[in-house]
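S.K.: Dropping in data_25.txt, with compact mmCIF, N, CA and C atoms.
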# COMPACT_ATOMS: atom_id res chain seq x y z
N MET S 1 -58.61 60.08 45.82
CA MET S 1 -57.38 60.62 45.28
C MET S 1 -56.72 61.55 46.28
N ILE S 2 -57.54 62.30 46.98
CA ILE S 2 -56.98 63.24 47.96
C ILE S 2 -56.27 62.48 49.07
N GLU S 3 -56.88 61.43 49.57
CA GLU S 3 -56.25 60.63 50.62
C GLU S 3 -54.97 59.98 50.12
N ARG S 4 -54.97 59.49 48.91
CA ARG S 4 -53.79 58.84 48.34
C ARG S 4 -52.66 59.87 48.16
N GLU S 5 -53.02 61.09 47.77
CA GLU S 5 -52.03 62.14 47.53
C GLU S 5 -51.50 62.72 48.85
N SER S 6 -52.32 62.66 49.88
CA SER S 6 -51.94 63.23 51.16
C SER S 6 -50.78 62.48 51.78
N ARG S 7 -49.89 63.22 52.42
CA ARG S 7 -48.71 62.63 53.04
C ARG S 7 -48.88 62.46 54.54
N GLY S 8 -50.11 62.54 55.00
CA GLY S 8 -50.36 62.36 56.42
C GLY S 8 -51.32 63.40 56.94
N TRP S 9 -51.57 63.34 58.24
CA TRP S 9 -52.51 64.23 58.87
C TRP S 9 -52.08 65.68 58.65
N GLY S 10 -53.02 66.53 58.27
CA GLY S 10 -52.73 67.94 58.08
C GLY S 10 -52.24 68.29 56.69
N ASP S 11 -52.16 67.33 55.78
CA ASP S 11 -51.65 67.60 54.44
C ASP S 11 -52.75 67.65 53.39
N THR S 12 -54.00 67.65 53.80
CA THR S 12 -55.11 67.62 52.84
C THR S 12 -55.08 68.84 51.93
N THR S 13 -54.85 70.01 52.50
CA THR S 13 -54.81 71.23 51.69
C THR S 13 -53.71 71.15 50.64
N ASN S 14 -52.53 70.74 51.05
CA ASN S 14 -51.43 70.61 50.09
C ASN S 14 -51.70 69.53 49.06
N ALA S 15 -52.35 68.45 49.47
CA ALA S 15 -52.70 67.38 48.53
C ALA S 15 -53.64 67.90 47.47
N MET S 16 -54.63 68.68 47.86
CA MET S 16 -55.57 69.23 46.89
C MET S 16 -54.87 70.22 45.96
N LYS S 17 -53.92 70.99 46.48
CA LYS S 17 -53.16 71.91 45.63
C LYS S 17 -52.32 71.14 44.62
N ARG S 18 -51.73 70.01 45.04
CA ARG S 18 -50.94 69.20 44.11
C ARG S 18 -51.85 68.61 43.02
N LEU S 19 -53.03 68.15 43.40
CA LEU S 19 -53.98 67.63 42.41
C LEU S 19 -54.43 68.73 41.46
N ASN S 20 -54.58 69.93 41.99
CA ASN S 20 -54.93 71.08 41.15
C ASN S 20 -53.86 71.30 40.09
N ARG S 21 -52.61 71.32 40.51
CA ARG S 21 -51.51 71.56 39.55
C ARG S 21 -51.38 70.41 38.56
N ARG S 22 -51.51 69.19 39.02
CA ARG S 22 -51.29 68.03 38.16
C ARG S 22 -52.42 67.80 37.17
N TYR S 23 -53.67 67.99 37.63
CA TYR S 23 -54.82 67.63 36.79
C TYR S 23 -55.74 68.79 36.44
N GLY S 24 -55.47 69.96 36.95
CA GLY S 24 -56.33 71.10 36.65
C GLY S 24 -57.67 71.07 37.37
N LEU S 25 -57.72 70.36 38.48
CA LEU S 25 -58.94 70.30 39.28
C LEU S 25 -58.89 71.40 40.33
N SER S 26 -59.87 72.26 40.31
CA SER S 26 -59.90 73.41 41.20
C SER S 26 -59.84 72.99 42.66
N PHE S 27 -59.01 73.68 43.42
CA PHE S 27 -58.89 73.42 44.85
C PHE S 27 -60.25 73.48 45.53
N TRP S 28 -61.01 74.55 45.27
CA TRP S 28 -62.29 74.73 45.95
C TRP S 28 -63.32 73.71 45.49
N THR S 29 -63.27 73.33 44.24
CA THR S 29 -64.18 72.30 43.75
C THR S 29 -63.89 70.98 44.45
N LEU S 30 -62.62 70.61 44.52
CA LEU S 30 -62.25 69.38 45.23
C LEU S 30 -62.66 69.44 46.69
N ASN S 31 -62.41 70.57 47.32
CA ASN S 31 -62.76 70.71 48.73
C ASN S 31 -64.27 70.60 48.94
N ASN S 32 -65.04 71.26 48.09
CA ASN S 32 -66.50 71.20 48.22
C ASN S 32 -67.03 69.78 47.98
N LEU S 33 -66.43 69.06 47.06
CA LEU S 33 -66.82 67.66 46.85
C LEU S 33 -66.43 66.81 48.06
N ARG S 34 -65.25 67.06 48.58
CA ARG S 34 -64.74 66.28 49.71
C ARG S 34 -65.61 66.43 50.96
N ILE S 35 -66.06 67.64 51.22
CA ILE S 35 -66.84 67.88 52.44
C ILE S 35 -68.35 67.76 52.20
N GLY S 36 -68.76 67.45 50.98
CA GLY S 36 -70.18 67.24 50.69
C GLY S 36 -70.97 68.51 50.47
N ARG S 37 -70.31 69.60 50.19
CA ARG S 37 -71.00 70.87 49.98
C ARG S 37 -71.58 70.96 48.58
N SER S 38 -70.95 70.33 47.60
CA SER S 38 -71.44 70.37 46.22
C SER S 38 -72.69 69.53 46.09
N LYS S 39 -73.68 70.08 45.43
CA LYS S 39 -74.93 69.35 45.20
C LYS S 39 -74.91 68.63 43.85
N THR S 40 -74.17 69.18 42.90
CA THR S 40 -74.09 68.59 41.56
C THR S 40 -72.65 68.65 41.06
N VAL S 41 -72.38 67.85 40.03
CA VAL S 41 -71.07 67.88 39.36
C VAL S 41 -71.37 67.92 37.87
N ASP S 42 -70.90 68.97 37.20
CA ASP S 42 -71.18 69.05 35.76
C ASP S 42 -70.37 68.01 35.00
N ALA S 43 -70.79 67.73 33.77
CA ALA S 43 -70.19 66.65 32.98
C ALA S 43 -68.71 66.89 32.71
N GLY S 44 -68.31 68.12 32.45
CA GLY S 44 -66.91 68.42 32.18
C GLY S 44 -66.03 68.13 33.38
N LEU S 45 -66.48 68.53 34.55
CA LEU S 45 -65.73 68.27 35.78
C LEU S 45 -65.67 66.77 36.05
N PHE S 46 -66.79 66.09 35.83
CA PHE S 46 -66.81 64.64 36.06
C PHE S 46 -65.79 63.95 35.16
N ARG S 47 -65.68 64.36 33.90
CA ARG S 47 -64.71 63.76 32.98
C ARG S 47 -63.29 64.01 33.45
N ARG S 48 -63.01 65.23 33.93
CA ARG S 48 -61.65 65.54 34.42
C ARG S 48 -61.32 64.72 35.66
N ILE S 49 -62.28 64.56 36.56
CA ILE S 49 -62.05 63.76 37.76
C ILE S 49 -61.84 62.31 37.38
N LYS S 50 -62.65 61.81 36.46
CA LYS S 50 -62.51 60.41 36.02
C LYS S 50 -61.16 60.19 35.36
N SER S 51 -60.74 61.13 34.52
CA SER S 51 -59.44 61.04 33.86
C SER S 51 -58.31 61.05 34.89
N ALA S 52 -58.41 61.92 35.87
CA ALA S 52 -57.40 62.00 36.93
C ALA S 52 -57.37 60.70 37.72
N TYR S 53 -58.54 60.15 38.04
CA TYR S 53 -58.61 58.90 38.79
C TYR S 53 -57.98 57.76 38.00
N LEU S 54 -58.26 57.68 36.71
CA LEU S 54 -57.67 56.62 35.89
C LEU S 54 -56.15 56.78 35.80
N ASP S 55 -55.67 58.03 35.78
CA ASP S 55 -54.23 58.26 35.79
C ASP S 55 -53.62 57.78 37.11
N VAL S 56 -54.29 58.05 38.22
CA VAL S 56 -53.81 57.58 39.52
C VAL S 56 -53.78 56.05 39.53
N CYS S 57 -54.82 55.43 38.99
CA CYS S 57 -54.87 53.96 38.93
C CYS S 57 -53.71 53.42 38.10
N GLU S 58 -53.44 54.07 36.96
CA GLU S 58 -52.34 53.63 36.10
C GLU S 58 -51.00 53.74 36.83
N ARG S 59 -50.82 54.80 37.59
CA ARG S 59 -49.59 54.96 38.36
C ARG S 59 -49.45 53.89 39.42
N GLN S 60 -50.55 53.56 40.08
CA GLN S 60 -50.52 52.53 41.12
C GLN S 60 -50.18 51.16 40.53
N ILE S 61 -50.72 50.88 39.36
CA ILE S 61 -50.41 49.60 38.71
C ILE S 61 -48.94 49.56 38.31
N ALA S 62 -48.42 50.68 37.82
CA ALA S 62 -47.00 50.74 37.48
C ALA S 62 -46.14 50.49 38.73
N ASN S 63 -46.54 51.05 39.87
CA ASN S 63 -45.82 50.80 41.12
C ASN S 63 -45.89 49.33 41.51
N LEU S 64 -47.06 48.74 41.34
CA LEU S 64 -47.23 47.32 41.64
C LEU S 64 -46.34 46.47 40.75
N GLN S 65 -46.31 46.78 39.47
CA GLN S 65 -45.46 46.02 38.55
C GLN S 65 -43.99 46.16 38.93
N HIS S 66 -43.59 47.34 39.35
CA HIS S 66 -42.21 47.54 39.80
C HIS S 66 -41.92 46.69 41.03
N GLU S 67 -42.84 46.68 41.99
CA GLU S 67 -42.67 45.86 43.18
C GLU S 67 -42.60 44.37 42.83
N LEU S 68 -43.40 43.93 41.89
CA LEU S 68 -43.35 42.53 41.45
C LEU S 68 -42.01 42.20 40.83
N THR S 69 -41.48 43.12 40.04
CA THR S 69 -40.17 42.92 39.42
C THR S 69 -39.08 42.80 40.49
N LEU S 70 -39.14 43.69 41.48
CA LEU S 70 -38.16 43.63 42.57
C LEU S 70 -38.28 42.33 43.35
N GLU S 71 -39.50 41.90 43.61
CA GLU S 71 -39.71 40.66 44.35
C GLU S 71 -39.18 39.47 43.55
N LYS S 72 -39.40 39.50 42.26
CA LYS S 72 -38.93 38.41 41.40
C LYS S 72 -37.40 38.37 41.38
N MET S 73 -36.77 39.53 41.38
CA MET S 73 -35.30 39.59 41.39
C MET S 73 -34.76 39.09 42.73
N GLY S 74 -35.44 39.44 43.81
CA GLY S 74 -34.99 39.03 45.14
C GLY S 74 -35.25 37.57 45.45
N THR S 75 -36.30 37.05 44.86
CA THR S 75 -36.68 35.65 45.09
C THR S 75 -36.96 35.02 43.73
N PRO S 76 -35.91 34.61 43.01
CA PRO S 76 -36.08 34.13 41.64
C PRO S 76 -37.02 32.94 41.49
N ASN S 77 -37.16 32.11 42.50
CA ASN S 77 -38.01 30.93 42.40
C ASN S 77 -39.47 31.20 42.77
N ALA S 78 -39.77 32.41 43.18
CA ALA S 78 -41.14 32.73 43.58
C ALA S 78 -42.05 32.72 42.35
N PRO S 79 -43.21 32.09 42.45
CA PRO S 79 -44.13 32.04 41.32
C PRO S 79 -44.90 33.35 41.18
N MET S 80 -44.36 34.29 40.41
CA MET S 80 -44.94 35.62 40.28
C MET S 80 -45.71 35.81 38.96
N GLU S 81 -45.71 34.82 38.09
CA GLU S 81 -46.28 34.97 36.77
C GLU S 81 -47.77 35.34 36.82
N ASP S 82 -48.53 34.71 37.73
CA ASP S 82 -49.96 35.01 37.83
C ASP S 82 -50.18 36.46 38.23
N PHE S 83 -49.40 36.94 39.19
CA PHE S 83 -49.53 38.33 39.62
C PHE S 83 -49.15 39.29 38.50
N GLU S 84 -48.08 38.98 37.80
CA GLU S 84 -47.64 39.83 36.69
C GLU S 84 -48.69 39.86 35.59
N ARG S 85 -49.29 38.71 35.29
CA ARG S 85 -50.32 38.64 34.26
C ARG S 85 -51.54 39.45 34.68
N GLU S 86 -51.96 39.31 35.92
CA GLU S 86 -53.12 40.04 36.40
C GLU S 86 -52.87 41.55 36.40
N ALA S 87 -51.68 41.96 36.77
CA ALA S 87 -51.33 43.38 36.75
C ALA S 87 -51.34 43.91 35.33
N ALA S 88 -50.83 43.14 34.38
CA ALA S 88 -50.83 43.55 32.98
C ALA S 88 -52.26 43.65 32.44
N GLU S 89 -53.11 42.70 32.82
CA GLU S 89 -54.51 42.75 32.39
C GLU S 89 -55.22 43.97 32.98
N LEU S 90 -54.96 44.24 34.23
CA LEU S 90 -55.56 45.41 34.88
C LEU S 90 -55.09 46.70 34.22
N LEU S 91 -53.82 46.78 33.91
CA LEU S 91 -53.28 47.95 33.23
C LEU S 91 -53.95 48.13 31.87
N ALA S 92 -54.16 47.05 31.14
CA ALA S 92 -54.83 47.13 29.84
C ALA S 92 -56.26 47.65 30.00
N LYS S 93 -56.95 47.21 31.04
CA LYS S 93 -58.32 47.68 31.28
C LYS S 93 -58.36 49.17 31.60
N VAL S 94 -57.40 49.62 32.41
CA VAL S 94 -57.35 51.04 32.76
C VAL S 94 -57.04 51.87 31.52
N ARG S 95 -56.10 51.43 30.72
CA ARG S 95 -55.78 52.18 29.50
C ARG S 95 -56.95 52.20 28.53
N GLU S 96 -57.69 51.11 28.45
CA GLU S 96 -58.89 51.07 27.61
C GLU S 96 -59.93 52.06 28.12
N ALA S 97 -60.10 52.13 29.43
CA ALA S 97 -61.05 53.08 30.02
C ALA S 97 -60.60 54.52 29.77
N LYS S 98 -59.29 54.77 29.81
CA LYS S 98 -58.78 56.11 29.52
C LYS S 98 -59.07 56.52 28.09
N LYS S 99 -58.89 55.57 27.14
CA LYS S 99 -59.20 55.87 25.74
C LYS S 99 -60.68 56.15 25.57
N ALA S 100 -61.52 55.38 26.23
CA ALA S 100 -62.97 55.57 26.12
C ALA S 100 -63.40 56.90 26.73
N ALA S 101 -62.68 57.37 27.74
CA ALA S 101 -63.03 58.61 28.41
C ALA S 101 -62.62 59.84 27.61
N GLU S 102 -61.72 59.67 26.66
CA GLU S 102 -61.24 60.83 25.89
C GLU S 102 -62.21 61.30 24.88
Starting from the file, give its structure as structure tokens.

M.R.:
Amino acid sequence: MIERESRGWGDTTNAMKRLNRRYGLSFWTLNNLRIGRSKTVDAGLFRRIKSAYLDVCERQIANLQHELTLEKMGTPNAPMEDFEREAAELLAKVREAKKAAE
């Protein structure tokens, strides 16, 4: 998540701060996990990280669906139905996992 949030070299600190604000994950906790300093992760923190990860996955699928829509508009004859179906199935799985995690 940190790498995905980062906007390039040198932005790791800011990426962790953004994740802190968005998901309530402590900057130092994320940093200690990232560098391997943490020996354990308590269940509450694990649930928050899992929830944040599933949210990131949901956002990525939404971006993919948007890109598929744009591609379909730009190339109307392109066979995109399989990709759209797979993206919808993946989104359903992520949402199911989010419900189970709550």

S.K.: For stretch 55-61 of chain S, find every residue with an atom within 7 Å (counting all atoms listed in the file), except residues of its own chain fewer than 2 positions away, and show them as a list in words.

M.R.: Lys50, Ser51, Ala52, Tyr53, Asn63, Leu64, Gln65, His66, Ala87, Leu91, Val94 and Arg95 of chain S

S.K.: In Å, how far is it from atom CA of S:Lys17 to atom CA of S:Met1?

M.R.: 12.1 Å

S.K.: Taking only C-alpha atoms into account, which of S:Ala101, S:Ile2, S:Ala15, S:Leu90 comes nearest S:Phe46?

M.R.: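 Nearest candidate to S:Phe46 out of S:Ala101, S:Ile2, S:Ala15, S:Leu90: S:Ala101.
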
S.K.: Pick out the closest residue to S:Leu33 from this set: S:Met80, S:Leu45, S:Ala92, S:Ala62. Count only C-alpha atoms.

M.R.: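 Of all the options, S:Leu45 lies closest to S:Leu33.
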
S.K.: With distances taken over only C-alpha atoms, which residue among S:Arg47, S:Val41, S:Leu19, S:Leu68 lies nearest S:Arg85?

M.R.: S:Leu68

S.K.: As a short mmCIF file (atom, residue, chain, number, x, y, z; two decimals) with N, CA and C atoms, in the frame of the given file, please: every residue in stretch 2-65 of chain S that DSSP puts in helix (DSSP H, G or I).

M.R.:
data_model
loop_
_atom_site.label_atom_id
_atom_site.label_comp_id
_atom_site.auth_asym_id
_atom_site.auth_seq_id
_atom_site.Cartn_x
_atom_site.Cartn_y
_atom_site.Cartn_z
N ILE S 2 -57.54 62.30 46.98
CA ILE S 2 -56.98 63.24 47.96
C ILE S 2 -56.27 62.48 49.07
N GLU S 3 -56.88 61.43 49.57
CA GLU S 3 -56.25 60.63 50.62
C GLU S 3 -54.97 59.98 50.12
N ARG S 4 -54.97 59.49 48.91
CA ARG S 4 -53.79 58.84 48.34
C ARG S 4 -52.66 59.87 48.16
N GLU S 5 -53.02 61.09 47.77
CA GLU S 5 -52.03 62.14 47.53
C GLU S 5 -51.50 62.72 48.85
N THR S 12 -54.00 67.65 53.80
CA THR S 12 -55.11 67.62 52.84
C THR S 12 -55.08 68.84 51.93
N THR S 13 -54.85 70.01 52.50
CA THR S 13 -54.81 71.23 51.69
C THR S 13 -53.71 71.15 50.64
N ASN S 14 -52.53 70.74 51.05
CA ASN S 14 -51.43 70.61 50.09
C ASN S 14 -51.70 69.53 49.06
N ALA S 15 -52.35 68.45 49.47
CA ALA S 15 -52.70 67.38 48.53
C ALA S 15 -53.64 67.90 47.47
N MET S 16 -54.63 68.68 47.86
CA MET S 16 -55.57 69.23 46.89
C MET S 16 -54.87 70.22 45.96
N LYS S 17 -53.92 70.99 46.48
CA LYS S 17 -53.16 71.91 45.63
C LYS S 17 -52.32 71.14 44.62
N ARG S 18 -51.73 70.01 45.04
CA ARG S 18 -50.94 69.20 44.11
C ARG S 18 -51.85 68.61 43.02
N LEU S 19 -53.03 68.15 43.40
CA LEU S 19 -53.98 67.63 42.41
C LEU S 19 -54.43 68.73 41.46
N ASN S 20 -54.58 69.93 41.99
CA ASN S 20 -54.93 71.08 41.15
C ASN S 20 -53.86 71.30 40.09
N ARG S 21 -52.61 71.32 40.51
CA ARG S 21 -51.51 71.56 39.55
C ARG S 21 -51.38 70.41 38.56
N ARG S 22 -51.51 69.19 39.02
CA ARG S 22 -51.29 68.03 38.16
C ARG S 22 -52.42 67.80 37.17
N TYR S 23 -53.67 67.99 37.63
CA TYR S 23 -54.82 67.63 36.79
C TYR S 23 -55.74 68.79 36.44
N PHE S 27 -59.01 73.68 43.42
CA PHE S 27 -58.89 73.42 44.85
C PHE S 27 -60.25 73.48 45.53
N TRP S 28 -61.01 74.55 45.27
CA TRP S 28 -62.29 74.73 45.95
C TRP S 28 -63.32 73.71 45.49
N THR S 29 -63.27 73.33 44.24
CA THR S 29 -64.18 72.30 43.75
C THR S 29 -63.89 70.98 44.45
N LEU S 30 -62.62 70.61 44.52
CA LEU S 30 -62.25 69.38 45.23
C LEU S 30 -62.66 69.44 46.69
N ASN S 31 -62.41 70.57 47.32
CA ASN S 31 -62.76 70.71 48.73
C ASN S 31 -64.27 70.60 48.94
N ASN S 32 -65.04 71.26 48.09
CA ASN S 32 -66.50 71.20 48.22
C ASN S 32 -67.03 69.78 47.98
N LEU S 33 -66.43 69.06 47.06
CA LEU S 33 -66.82 67.66 46.85
C LEU S 33 -66.43 66.81 48.06
N ARG S 34 -65.25 67.06 48.58
CA ARG S 34 -64.74 66.28 49.71
C ARG S 34 -65.61 66.43 50.96
N ILE S 35 -66.06 67.64 51.22
CA ILE S 35 -66.84 67.88 52.44
C ILE S 35 -68.35 67.76 52.20
N ALA S 43 -70.79 67.73 33.77
CA ALA S 43 -70.19 66.65 32.98
C ALA S 43 -68.71 66.89 32.71
N GLY S 44 -68.31 68.12 32.45
CA GLY S 44 -66.91 68.42 32.18
C GLY S 44 -66.03 68.13 33.38
N LEU S 45 -66.48 68.53 34.55
CA LEU S 45 -65.73 68.27 35.78
C LEU S 45 -65.67 66.77 36.05
N PHE S 46 -66.79 66.09 35.83
CA PHE S 46 -66.81 64.64 36.06
C PHE S 46 -65.79 63.95 35.16
N ARG S 47 -65.68 64.36 33.90
CA ARG S 47 -64.71 63.76 32.98
C ARG S 47 -63.29 64.01 33.45
N ARG S 48 -63.01 65.23 33.93
CA ARG S 48 -61.65 65.54 34.42
C ARG S 48 -61.32 64.72 35.66
N ILE S 49 -62.28 64.56 36.56
CA ILE S 49 -62.05 63.76 37.76
C ILE S 49 -61.84 62.31 37.38
N LYS S 50 -62.65 61.81 36.46
CA LYS S 50 -62.51 60.41 36.02
C LYS S 50 -61.16 60.19 35.36
N SER S 51 -60.74 61.13 34.52
CA SER S 51 -59.44 61.04 33.86
C SER S 51 -58.31 61.05 34.89
N ALA S 52 -58.41 61.92 35.87
CA ALA S 52 -57.40 62.00 36.93
C ALA S 52 -57.37 60.70 37.72
N TYR S 53 -58.54 60.15 38.04
CA TYR S 53 -58.61 58.90 38.79
C TYR S 53 -57.98 57.76 38.00
N LEU S 54 -58.26 57.68 36.71
CA LEU S 54 -57.67 56.62 35.89
C LEU S 54 -56.15 56.78 35.80
N ASP S 55 -55.67 58.03 35.78
CA ASP S 55 -54.23 58.26 35.79
C ASP S 55 -53.62 57.78 37.11
N VAL S 56 -54.29 58.05 38.22
CA VAL S 56 -53.81 57.58 39.52
C VAL S 56 -53.78 56.05 39.53
N CYS S 57 -54.82 55.43 38.99
CA CYS S 57 -54.87 53.96 38.93
C CYS S 57 -53.71 53.42 38.10
N GLU S 58 -53.44 54.07 36.96
CA GLU S 58 -52.34 53.63 36.10
C GLU S 58 -51.00 53.74 36.83
N ARG S 59 -50.82 54.80 37.59
CA ARG S 59 -49.59 54.96 38.36
C ARG S 59 -49.45 53.89 39.42
N GLN S 60 -50.55 53.56 40.08
CA GLN S 60 -50.52 52.53 41.12
C GLN S 60 -50.18 51.16 40.53
N ILE S 61 -50.72 50.88 39.36
CA ILE S 61 -50.41 49.60 38.71
C ILE S 61 -48.94 49.56 38.31
N ALA S 62 -48.42 50.68 37.82
CA ALA S 62 -47.00 50.74 37.48
C ALA S 62 -46.14 50.49 38.73
N ASN S 63 -46.54 51.05 39.87
CA ASN S 63 -45.82 50.80 41.12
C ASN S 63 -45.89 49.33 41.51
N LEU S 64 -47.06 48.74 41.34
CA LEU S 64 -47.23 47.32 41.64
C LEU S 64 -46.34 46.47 40.75
N GLN S 65 -46.31 46.78 39.47
CA GLN S 65 -45.46 46.02 38.55
C GLN S 65 -43.99 46.16 38.93
#

S.K.: Quick one: pull the distance between atom CA of S:Gly10 and atom CA of S:Arg48, Å, one decimal.

M.R.: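 Separating atom CA of S:Gly10 from atom CA of S:Arg48 is a distance of 25.4 Å.
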
S.K.: For the atom pair atom N of S:Gly8 and atom CA of S:Leu25, what is the interatomic distance in Å to one decimal place?

M.R.: 19.6 Å
